[in-house]
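Asker: My questions all concern the structure below.
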Amino acid sequence: MSESIVLTTGIYDLIKEHLRRKGTTIEEEQILLQQLRNAKQVLRRELPEDVVTVNCEIKIKDVDTNEEENYLFVQTSRHKEKKGKYSILSPMALATVGNKVGDVINWPFKEGEKKIEILSVEHYN
């Protein structure tokens, strides 16, 4: 995991509001609060191409099982999981947002702790 995540101000504010509304588990909240304390906020046009954010597709690998999965993160109002579009506030998005390609993340998912690696990030505008 990066020492500090990189977020646009809009995503930073969205996550803060999500935490305020108690939309996460206690474990997720603790991790996210620590990440937000150290986060670097940038304008959308200054966001590095390899950083996970809204309107991007990522490929991740479960480090323990070597299984790979793709996720397309969209605005909360546009999520349709049956079509493979996940809210930027979904568990996988919260685990990876602000991180970059190559980062390995330990995250307390509902199914249990997982170690995932970000393999690729592709942005859509």
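By convention here, the chains of the structure tokens are called A, B, ... in the order presented, each chain's residues are numbered starting at 1, and ligands are numbered starting at 1 in the order presented.
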Might you pull out every residue within 12 Å of A:His18, with only C-alpha atoms counted and same-chain residues fewer than 5 positions away left off, and present them as a list in words?
Answerer: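 These residues fall inside the cut-off: Ile11, Tyr12, Asp13, Gly23, Thr24, Thr25, Glu28, Glu29, Leu32, Leu33, Thr76, Ile88, Leu89, Ser90, Pro91 and Leu94 of chain A.
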Asker: Within 10 Å of A:Ser120, counting only C-alpha atoms, which residues qualify if same-chain residues fewer than 6 places away don't, as a PyMOL selection string?
Answerer: chain A and resi 50-52+57-61+70+100-102
Asker: Going by DSSP on the backbone, which bits of stretch 6-47 of chain A are strand (DSSP E or B)? Write them as a PyMOL selection string, please.
Answerer: chain A and resi 6-8+40-42
Asker: Using Å and a single decimal, report how far atom CA of A:Tyr124 sits from atom CA of A:Gln41.
Answerer: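 Separation of atom CA of A:Gln41 and atom CA of A:Tyr124: 19.8 Å.
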Asker: A:Val42: which residues within 12 Å, counting only C-alpha atoms, same-chain residues fewer than 2 positions away excluded, as a list in words?
Answerer: Ile5, Val6, Leu7, Thr8, Thr9, Gly10, Ile11, Tyr12, Ala39, Lys40, Arg44, Arg45, Glu46, Leu47, Pro48, Val51, Thr53 and Gly98 of chain A
Asker: Using N, CA and C atoms, can you export the residues from the last selection as a compact mmCIF listing (two decimals), in the first residue's frame?
Answerer:
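And here is the file that came out, again-v9.txt:
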# COMPACT_ATOMS: atom_id res chain seq x y z
N ILE A 5 -2.32 7.88 0.09
CA ILE A 5 -3.14 7.73 -1.10
C ILE A 5 -3.30 9.10 -1.76
N VAL A 6 -3.67 9.09 -3.04
CA VAL A 6 -3.87 10.32 -3.79
C VAL A 6 -5.34 10.35 -4.22
N LEU A 7 -6.03 11.42 -3.82
CA LEU A 7 -7.45 11.54 -4.10
C LEU A 7 -7.78 12.92 -4.66
N THR A 8 -8.81 12.97 -5.50
CA THR A 8 -9.35 14.28 -5.85
C THR A 8 -10.12 14.77 -4.63
N THR A 9 -10.29 16.06 -4.52
CA THR A 9 -11.02 16.62 -3.38
C THR A 9 -12.44 16.09 -3.32
N GLY A 10 -13.08 15.89 -4.48
CA GLY A 10 -14.44 15.37 -4.52
C GLY A 10 -14.54 13.97 -3.93
N ILE A 11 -13.60 13.10 -4.27
CA ILE A 11 -13.61 11.73 -3.73
C ILE A 11 -13.27 11.75 -2.24
N TYR A 12 -12.34 12.59 -1.86
CA TYR A 12 -12.00 12.74 -0.44
C TYR A 12 -13.25 13.10 0.36
N ALA A 39 -3.70 11.56 3.22
CA ALA A 39 -3.97 11.63 1.78
C ALA A 39 -3.45 12.91 1.15
N LYS A 40 -3.02 12.77 -0.08
CA LYS A 40 -2.64 13.93 -0.88
C LYS A 40 -3.84 14.25 -1.78
N ARG A 44 -8.52 16.89 -10.42
CA ARG A 44 -8.72 15.72 -11.30
C ARG A 44 -7.65 15.64 -12.39
N ARG A 45 -7.33 16.77 -13.01
CA ARG A 45 -6.36 16.77 -14.12
C ARG A 45 -4.93 16.46 -13.63
N GLU A 46 -4.70 16.58 -12.33
CA GLU A 46 -3.37 16.31 -11.76
C GLU A 46 -3.25 14.89 -11.21
N LEU A 47 -4.35 14.13 -11.26
CA LEU A 47 -4.34 12.77 -10.72
C LEU A 47 -3.48 11.87 -11.61
N PRO A 48 -2.50 11.18 -11.06
CA PRO A 48 -1.67 10.29 -11.87
C PRO A 48 -2.52 9.20 -12.56
N VAL A 51 -3.49 5.77 -10.70
CA VAL A 51 -4.18 5.84 -9.41
C VAL A 51 -5.66 5.51 -9.58
N THR A 53 -9.55 5.70 -9.04
CA THR A 53 -10.53 6.72 -8.72
C THR A 53 -11.85 6.36 -9.37
N GLY A 98 -7.43 5.65 -4.50
CA GLY A 98 -6.27 6.44 -4.10
C GLY A 98 -4.96 5.69 -4.16
Asker: Give me the residues within 10 Å of A:Ile105 as a list of chain:residue names, counting only C-alpha atoms and dropping any in the same chain fewer than 6 places off.
Answerer: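 Once the adjacent positions are removed, what remains is A:Met1, A:Ser2, A:Asp62, A:Val63, A:Ala95, A:Thr96, A:Asn99, A:Lys114, A:Lys115, A:Ile116, A:Glu117, A:Ile118.
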Asker: Store the residues picked out above in a file with all heavy atoms, as a PDB file, in the first residue's frame.
Answerer:
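Result file is part_18.pdb:
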ATOM      1  N   MET A   1       0.847  -1.172   0.000  1.00  0.00           N
ATOM      2  CA  MET A   1       0.000   0.000   0.000  1.00  0.00           C
ATOM      3  C   MET A   1       0.894   1.236   0.000  1.00  0.00           C
ATOM      4  O   MET A   1       1.942   1.248   0.611  1.00  0.00           O
ATOM      5  CB  MET A   1      -0.902  -0.042   1.235  1.00  0.00           C
ATOM      6  CG  MET A   1      -1.952   1.010   1.251  1.00  0.00           C
ATOM      7  SD  MET A   1      -3.391   0.694   2.327  1.00  0.00           S
ATOM      8  CE  MET A   1      -2.774  -0.204   3.694  1.00  0.00           C
ATOM      9  N   SER A   2       0.469   2.257  -0.702  1.00  0.00           N
ATOM     10  CA  SER A   2       1.213   3.515  -0.736  1.00  0.00           C
ATOM     11  C   SER A   2       1.299   4.114   0.661  1.00  0.00           C
ATOM     12  O   SER A   2       0.417   3.893   1.480  1.00  0.00           O
ATOM     13  CB  SER A   2       0.498   4.532  -1.644  1.00  0.00           C
ATOM     14  OG  SER A   2       0.425   4.071  -2.954  1.00  0.00           O
ATOM     15  N   ASP A  62      -5.930 -11.410  -6.228  1.00  0.00           N
ATOM     16  CA  ASP A  62      -5.909 -11.902  -4.858  1.00  0.00           C
ATOM     17  C   ASP A  62      -4.542 -12.562  -4.684  1.00  0.00           C
ATOM     18  O   ASP A  62      -4.235 -13.551  -5.355  1.00  0.00           O
ATOM     19  CB  ASP A  62      -7.059 -12.900  -4.633  1.00  0.00           C
ATOM     20  CG  ASP A  62      -7.128 -13.388  -3.201  1.00  0.00           C
ATOM     21  OD1 ASP A  62      -6.076 -13.734  -2.622  1.00  0.00           O
ATOM     22  OD2 ASP A  62      -8.248 -13.444  -2.666  1.00  0.00           O
ATOM     23  N   VAL A  63      -3.722 -12.017  -3.822  1.00  0.00           N
ATOM     24  CA  VAL A  63      -2.347 -12.483  -3.666  1.00  0.00           C
ATOM     25  C   VAL A  63      -2.292 -13.937  -3.196  1.00  0.00           C
ATOM     26  O   VAL A  63      -1.416 -14.699  -3.597  1.00  0.00           O
ATOM     27  CB  VAL A  63      -1.561 -11.550  -2.708  1.00  0.00           C
ATOM     28  CG1 VAL A  63      -0.182 -12.100  -2.402  1.00  0.00           C
ATOM     29  CG2 VAL A  63      -1.461 -10.153  -3.303  1.00  0.00           C
ATOM     30  N   ALA A  95     -11.390  -0.089  -0.740  1.00  0.00           N
ATOM     31  CA  ALA A  95     -10.110  -0.747  -0.465  1.00  0.00           C
ATOM     32  C   ALA A  95      -8.997  -0.234  -1.378  1.00  0.00           C
ATOM     33  O   ALA A  95      -7.843  -0.162  -0.967  1.00  0.00           O
ATOM     34  CB  ALA A  95     -10.258  -2.258  -0.634  1.00  0.00           C
ATOM     35  N   THR A  96      -9.356   0.131  -2.610  1.00  0.00           N
ATOM     36  CA  THR A  96      -8.323   0.449  -3.600  1.00  0.00           C
ATOM     37  C   THR A  96      -8.216   1.926  -3.970  1.00  0.00           C
ATOM     38  O   THR A  96      -7.185   2.347  -4.490  1.00  0.00           O
ATOM     39  CB  THR A  96      -8.563  -0.356  -4.893  1.00  0.00           C
ATOM     40  OG1 THR A  96      -9.876  -0.069  -5.397  1.00  0.00           O
ATOM     41  CG2 THR A  96      -8.406  -1.852  -4.654  1.00  0.00           C
ATOM     42  N   ASN A  99      -5.017   4.365  -4.305  1.00  0.00           N
ATOM     43  CA  ASN A  99      -3.809   3.554  -4.450  1.00  0.00           C
ATOM     44  C   ASN A  99      -3.433   3.466  -5.917  1.00  0.00           C
ATOM     45  O   ASN A  99      -4.207   3.823  -6.799  1.00  0.00           O
ATOM     46  CB  ASN A  99      -4.037   2.164  -3.857  1.00  0.00           C
ATOM     47  CG  ASN A  99      -4.098   2.201  -2.340  1.00  0.00           C
ATOM     48  OD1 ASN A  99      -3.084   2.275  -1.677  1.00  0.00           O
ATOM     49  ND2 ASN A  99      -5.299   2.165  -1.792  1.00  0.00           N
ATOM     50  N   LYS A 114      -8.396  -9.923   3.098  1.00  0.00           N
ATOM     51  CA  LYS A 114      -7.794 -10.306   1.813  1.00  0.00           C
ATOM     52  C   LYS A 114      -6.600  -9.420   1.536  1.00  0.00           C
ATOM     53  O   LYS A 114      -6.561  -8.263   1.938  1.00  0.00           O
ATOM     54  CB  LYS A 114      -8.797 -10.116   0.665  1.00  0.00           C
ATOM     55  CG  LYS A 114      -9.762 -11.230   0.484  1.00  0.00           C
ATOM     56  CD  LYS A 114     -10.520 -11.030  -0.819  1.00  0.00           C
ATOM     57  CE  LYS A 114     -11.573 -12.093  -1.005  1.00  0.00           C
ATOM     58  NZ  LYS A 114     -12.293 -11.915  -2.264  1.00  0.00           N
ATOM     59  N   LYS A 115      -5.657 -10.006   0.834  1.00  0.00           N
ATOM     60  CA  LYS A 115      -4.489  -9.265   0.373  1.00  0.00           C
ATOM     61  C   LYS A 115      -4.607  -9.195  -1.143  1.00  0.00           C
ATOM     62  O   LYS A 115      -4.618 -10.236  -1.810  1.00  0.00           O
ATOM     63  CB  LYS A 115      -3.218  -9.986   0.791  1.00  0.00           C
ATOM     64  CG  LYS A 115      -1.940  -9.248   0.501  1.00  0.00           C
ATOM     65  CD  LYS A 115      -0.754 -10.098   0.914  1.00  0.00           C
ATOM     66  CE  LYS A 115       0.189  -9.273   1.735  1.00  0.00           C
ATOM     67  NZ  LYS A 115       1.341 -10.069   2.179  1.00  0.00           N
ATOM     68  N   ILE A 116      -4.751  -7.971  -1.675  1.00  0.00           N
ATOM     69  CA  ILE A 116      -4.932  -7.796  -3.115  1.00  0.00           C
ATOM     70  C   ILE A 116      -3.854  -6.881  -3.687  1.00  0.00           C
ATOM     71  O   ILE A 116      -3.332  -6.011  -2.993  1.00  0.00           O
ATOM     72  CB  ILE A 116      -6.331  -7.219  -3.437  1.00  0.00           C
ATOM     73  CG1 ILE A 116      -6.576  -5.918  -2.669  1.00  0.00           C
ATOM     74  CG2 ILE A 116      -7.422  -8.236  -3.132  1.00  0.00           C
ATOM     75  CD1 ILE A 116      -7.869  -5.213  -3.036  1.00  0.00           C
ATOM     76  N   GLU A 117      -3.542  -7.132  -4.954  1.00  0.00           N
ATOM     77  CA  GLU A 117      -2.567  -6.311  -5.661  1.00  0.00           C
ATOM     78  C   GLU A 117      -3.263  -5.651  -6.842  1.00  0.00           C
ATOM     79  O   GLU A 117      -4.023  -6.296  -7.568  1.00  0.00           O
ATOM     80  CB  GLU A 117      -1.408  -7.160  -6.181  1.00  0.00           C
ATOM     81  CG  GLU A 117      -0.381  -6.355  -6.944  1.00  0.00           C
ATOM     82  CD  GLU A 117       0.773  -7.194  -7.466  1.00  0.00           C
ATOM     83  OE1 GLU A 117       0.805  -8.418  -7.217  1.00  0.00           O
ATOM     84  OE2 GLU A 117       1.647  -6.623  -8.146  1.00  0.00           O
ATOM     85  N   ILE A 118      -3.004  -4.361  -7.038  1.00  0.00           N
ATOM     86  CA  ILE A 118      -3.560  -3.645  -8.184  1.00  0.00           C
ATOM     87  C   ILE A 118      -2.642  -3.890  -9.379  1.00  0.00           C
ATOM     88  O   ILE A 118      -1.464  -3.524  -9.357  1.00  0.00           O
ATOM     89  CB  ILE A 118      -3.683  -2.140  -7.899  1.00  0.00           C
ATOM     90  CG1 ILE A 118      -4.585  -1.911  -6.685  1.00  0.00           C
ATOM     91  CG2 ILE A 118      -4.229  -1.402  -9.134  1.00  0.00           C
ATOM     92  CD1 ILE A 118      -4.628  -0.478  -6.194  1.00  0.00           C
TER      93      ILE A 118
END
Asker: Mind pulling up the distance from atom CA of A:Lys80 to atom CA of A:Asn55?
Answerer: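 Taking atom CA of A:Asn55 as the start and atom CA of A:Lys80 as the end point, the length is 13.3 Å.
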Asker: Using only C-alpha atoms, pick whichever of A:Asn66, A:Ala93, A:Glu113, A:Asp103 has the shortest atom-to-atom distance to A:Ser4.
Answerer: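 Once distances to A:Ser4 are computed over only C-alpha atoms, the minimum belongs to A:Asp103.
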